[in-house]
Number of protein chains: 2
Amino acid sequence: MTRSYHHGDLRRVLTDAALGLIAERGPTAVSLRDLARAAGVSHAAPAHHFGDKAGLFTAIATQGQRLLADALAEELARGPDPRRLGVRYVRFAAEHPSYFEVMFRPDLYHREDPELVAARARTTDLLRTAIPGEGRDADRRMLAAWSVAHGFATLLRSGNLDRLLGGRDAETEFGELAGLLDVLP
Amino acid sequence: MTRSYHHGDLRRVLTDAALGLIAERGPTAVSLRDLARAAGVSHAAPAHHFGDKAGLFTAIATQGQRLLADALAEELARGPDPRRLGVRYVRFAAEHPSYFEVMFRPDLYHREDPELVAARARTTDLLRTAIPGEGRDADRRMLAAWSVAHGFATLLRSGNLDRLLGGRDAETEFGELAGLLDVLP
DNA sequence: CTTTCAGTCTTGTCAGTGACAAGATATACG
DNA sequence: CGTATATCTTGTCACTGACAAGACTGAAAG
């Protein structure tokens, strides 16, 4: 089976390779040309699929939002427990660091991309359903819960908790921590 | 007063110019050569002061940690109220977005730089003093409070709260939100 | 079967970038 | 005065993202 001119699913190959490189060196150190080399295509091939570098990250961020929303939806199917949902959020960040990294770095991608905006809205809406009630107060409780989970995940990823955690498992530690709070009325 | 060969305080001029450029275009879009142009020096002058690009961001992150620690210390002098401290944290992120941006992006700088590590430790220690008590449980409460503030600030900066907040002032909104939680035993 | 055509990928090129080396200049210090 | 050191410059290198123009492929239309 000889290598054909048309690659097959180059777009997917490129995003996958990108995730690998991001995991190794971080998003900013990824070059389109490295990506092309990894996929065995010419240096301009990625540009055709994503427009520019930001287009690549937009695709990755969108994909990440969908994955996160799926994970949250799965957890919500077992009942709207904010604490469990928070743990799932933190676990997503730990299991998919490359996605998480890109998703919350707007300077990397096209923030107004319709698909990305839609995917992000789905995530937000899912989080909202974990807190009962309507109105501004319930919104605030949801935002509080989201902030705790997101803040913990972010501080963890940026290495700010290394000294504080001292080797203990981050996910279970977050579970304990969340148990001390009470986001429900 | 003619332009001398030695610039005077080029290091300071460069970090200040960098903060301006970061505010405009984000940290990744800043180039050492732009910086040099802004300061009216040759393209290799910045490298002499900071070693490499990461060195520049290390200096900025350290400076930012000191500013944040100062702000927290000032607030702590008025009594150890976690909620007020959180508001101050969020305000810092809003008032010094360029610093905040760099501080929590470890891939930009030399994470193991001694001065930076020391400055970060001071910030962490100050946060810790806001929660009374000793031991693991108190640590968790401190971490919870930090996570809420940091998560809120981060989500805000990444544009994830635009739809949710709908134009309301973020800082006061965080105050309300923090009032719904209870991080103290 | 052949023509056309849009989508996919390549080749070639450009200005801009970070890093490094070697040299020039100014200040501090004996 | 002279000499060492910190500061800054000039020159260069490989690499990058973006763009333009062209080549290849598969499929639809005649």
# chains A, B, ... in the order shown; residues from 1 in each chain; ligands from 1
>>> residues_around(residues="DT13 of chain C", least_positions_apart="5", cutoff="12 Å", atoms="only C-alpha atoms (C1' of nucleotides)", output="number ranges by chain")
D: 18-21
>>> interface_residues(of="chain C", to="chain B", cutoff="10 Å", atoms="only C-alpha atoms (C1' of nucleotides)", output="PyMOL selection string")
chain C and resi 16-20+25-27
>>> closest_residue(among="B:Ile60, B:Leu155, B:Val41, B:Ala73", to="chain D", atoms="only C-alpha atoms (C1' of nucleotides)")
B:Val41
>>> interface_residues(of="chain B", to="chain A", cutoff="7 Å", atoms="only C-alpha atoms", output="list in words")
Gly26, Phe104, Arg105, Pro106, Asp107, Arg140, Arg141, Ala144, Ser147, Val148, His150, Gly151, Phe152, Ser158, Leu177, Leu181, Asp182 and Val183 of chain B
>>> interface_residues(of="chain D", to="chain B", cutoff="7 Å", atoms="only C-alpha atoms (C1' of nucleotides)", output="VMD selection string")
chain D and resid 7 to 9
>>> residues_around(residues="segment 81-85 of chain B", least_positions_apart="4", cutoff="7 Å", atoms="only C-alpha atoms (C1' of nucleotides)", output="PDB file with C-alpha atoms, in the first residue's frame")
ATOM      1  CA  LEU B  72      -1.710  40.871  50.302  1.00  0.00           C
ATOM      2  CA  GLU B  75      -4.583  43.776  53.256  1.00  0.00           C
ATOM      3  CA  TYR B  89      -6.255  38.855  44.914  1.00  0.00           C
ATOM      4  CA  ALA B 130      -5.281  34.294  56.543  1.00  0.00           C
ATOM      5  CA  ILE B 131      -6.709  31.023  57.809  1.00  0.00           C
ATOM      6  CA  ALA B 178     -17.200  34.631  48.356  1.00  0.00           C
TER       7      ALA B 178
END
>>> atom_distance(atom1="atom CA of Arg91 of chain A", atom2="atom CA of Asp169 of chain A")
11.1 Å
>>> select_by_dssp(residues="chain B", states="alpha helix (DSSP H)", output="tab-separated table (two decimals) with C-alpha atoms, in the first residue's frame")
chain	number	residue	atom	x	y	z
B	10	LEU	CA	18.11	49.69	30.63
B	11	ARG	CA	16.98	46.69	32.59
B	12	ARG	CA	14.10	48.61	34.10
B	13	VAL	CA	13.25	50.27	30.81
B	14	LEU	CA	13.08	46.86	29.16
B	15	THR	CA	10.80	45.25	31.74
B	16	ASP	CA	8.49	48.26	31.65
B	17	ALA	CA	8.34	48.20	27.86
B	18	ALA	CA	7.73	44.46	28.01
B	19	LEU	CA	4.76	44.96	30.33
B	20	GLY	CA	3.31	47.43	27.87
B	21	LEU	CA	3.72	45.07	24.95
B	22	ILE	CA	2.29	42.17	26.96
B	23	ALA	CA	-0.77	44.26	27.79
B	24	GLU	CA	-1.25	44.99	24.11
B	25	ARG	CA	-0.59	41.65	22.47
B	32	LEU	CA	13.18	40.77	22.29
B	33	ARG	CA	13.80	42.75	19.15
B	34	ASP	CA	10.63	44.78	19.57
B	35	LEU	CA	11.73	45.46	23.10
B	36	ALA	CA	15.13	46.61	21.91
B	37	ARG	CA	13.52	48.91	19.36
B	38	ALA	CA	11.19	50.36	22.00
B	39	ALA	CA	14.19	51.14	24.21
B	45	ALA	CA	21.08	44.33	24.38
B	46	PRO	CA	18.15	42.60	26.13
B	47	ALA	CA	19.93	39.26	25.99
B	48	HIS	CA	22.81	40.72	27.96
B	49	HIS	CA	20.52	41.66	30.84
B	50	PHE	CA	18.25	38.65	30.92
B	53	LYS	CA	13.79	35.39	26.57
B	54	ALA	CA	12.78	33.18	29.48
B	55	GLY	CA	15.06	35.29	31.65
B	56	LEU	CA	13.03	38.37	30.82
B	57	PHE	CA	9.81	36.65	31.84
B	58	THR	CA	11.47	35.31	34.98
B	59	ALA	CA	12.27	38.86	35.99
B	60	ILE	CA	8.70	39.95	35.31
B	61	ALA	CA	7.20	37.01	37.18
B	62	THR	CA	9.41	37.69	40.19
B	63	GLN	CA	8.50	41.36	40.16
B	64	GLY	CA	4.83	40.38	39.95
B	65	GLN	CA	5.05	37.97	42.86
B	66	ARG	CA	6.56	40.72	44.97
B	67	LEU	CA	3.83	43.15	44.01
B	68	LEU	CA	1.16	40.59	44.83
B	69	ALA	CA	2.77	39.73	48.15
B	70	ASP	CA	2.95	43.43	49.01
B	71	ALA	CA	-0.73	43.88	48.20
B	72	LEU	CA	-1.71	40.87	50.30
B	73	ALA	CA	0.49	42.00	53.18
B	74	GLU	CA	-1.17	45.41	53.11
B	75	GLU	CA	-4.58	43.78	53.26
B	76	LEU	CA	-3.52	41.38	56.00
B	82	PRO	CA	-10.04	35.46	53.89
B	83	ARG	CA	-12.86	37.06	51.94
B	84	ARG	CA	-11.24	40.50	51.79
B	85	LEU	CA	-7.96	38.87	50.91
B	86	GLY	CA	-9.64	37.04	48.04
B	87	VAL	CA	-11.10	40.25	46.72
B	88	ARG	CA	-7.65	41.80	46.86
B	89	TYR	CA	-6.25	38.86	44.91
B	90	VAL	CA	-8.87	39.26	42.21
B	91	ARG	CA	-8.24	42.98	42.09
B	92	PHE	CA	-4.54	42.40	41.63
B	93	ALA	CA	-5.26	40.20	38.63
B	94	ALA	CA	-7.49	42.91	37.17
B	95	GLU	CA	-5.11	45.78	37.86
B	97	PRO	CA	-3.06	41.67	34.02
B	98	SER	CA	0.37	41.52	32.40
B	99	TYR	CA	2.08	40.49	35.60
B	100	PHE	CA	-0.65	38.02	36.47
B	101	GLU	CA	-0.57	36.52	33.01
B	102	VAL	CA	3.14	35.81	33.15
B	103	MET	CA	3.26	34.68	36.79
B	114	PRO	CA	15.95	31.19	43.27
B	115	GLU	CA	14.62	34.73	43.45
B	116	LEU	CA	11.37	33.71	41.85
B	117	VAL	CA	10.98	30.70	44.12
B	118	ALA	CA	11.56	32.89	47.16
B	119	ALA	CA	9.07	35.50	46.00
B	120	ARG	CA	6.45	32.86	45.33
B	121	ALA	CA	7.03	31.28	48.73
B	122	ARG	CA	6.41	34.63	50.39
B	123	THR	CA	3.05	34.95	48.62
B	124	THR	CA	2.01	31.44	49.62
B	125	ASP	CA	3.01	32.00	53.23
B	126	LEU	CA	1.02	35.20	53.39
B	127	LEU	CA	-2.07	33.47	52.06
B	128	ARG	CA	-1.62	30.78	54.66
B	135	GLY	CA	-2.32	21.16	60.30
B	136	ARG	CA	-3.66	19.61	57.17
B	137	ASP	CA	-7.23	20.75	57.63
B	138	ALA	CA	-6.30	24.40	57.92
B	139	ASP	CA	-4.03	24.01	54.91
B	140	ARG	CA	-6.97	22.68	52.95
B	141	ARG	CA	-9.13	25.63	53.88
B	142	MET	CA	-6.39	27.97	52.81
B	143	LEU	CA	-6.05	26.12	49.54
B	144	ALA	CA	-9.79	26.24	48.99
B	145	ALA	CA	-9.84	29.99	49.49
B	146	TRP	CA	-6.86	30.45	47.19
B	147	SER	CA	-8.44	28.24	44.56
B	148	VAL	CA	-11.68	30.22	44.50
B	149	ALA	CA	-9.88	33.51	44.09
B	150	HIS	CA	-7.42	32.21	41.55
B	151	GLY	CA	-10.03	30.30	39.60
B	152	PHE	CA	-12.30	33.31	39.41
B	153	ALA	CA	-9.47	35.57	38.31
B	154	THR	CA	-8.31	33.08	35.70
B	155	LEU	CA	-11.74	32.34	34.28
B	156	LEU	CA	-12.36	36.07	34.12
B	157	ARG	CA	-9.14	36.75	32.26
B	162	ASP	CA	-18.30	37.34	29.96
B	163	ARG	CA	-21.64	35.70	29.26
B	164	LEU	CA	-22.26	34.81	32.91
B	165	LEU	CA	-21.42	38.19	34.38
B	170	ALA	CA	-16.26	41.41	38.48
B	171	GLU	CA	-14.67	42.48	41.74
B	172	THR	CA	-17.89	43.14	43.63
B	173	GLU	CA	-19.41	40.06	42.07
B	174	PHE	CA	-16.56	38.04	43.53
B	175	GLY	CA	-17.22	39.63	46.90
B	176	GLU	CA	-20.84	38.42	46.81
B	177	LEU	CA	-19.80	35.01	45.62
B	178	ALA	CA	-17.20	34.63	48.36
B	179	GLY	CA	-19.82	35.62	50.91
B	180	LEU	CA	-21.82	32.54	49.99
>>> atom_distance(atom1="atom CA of Thr129 of chain A", atom2="atom CA of Ala77 of chain A")
11.1 Å
>>> atom_distance(atom1="atom CA of Gly167 of chain A", atom2="atom CA of Pro132 of chain B")
23.6 Å
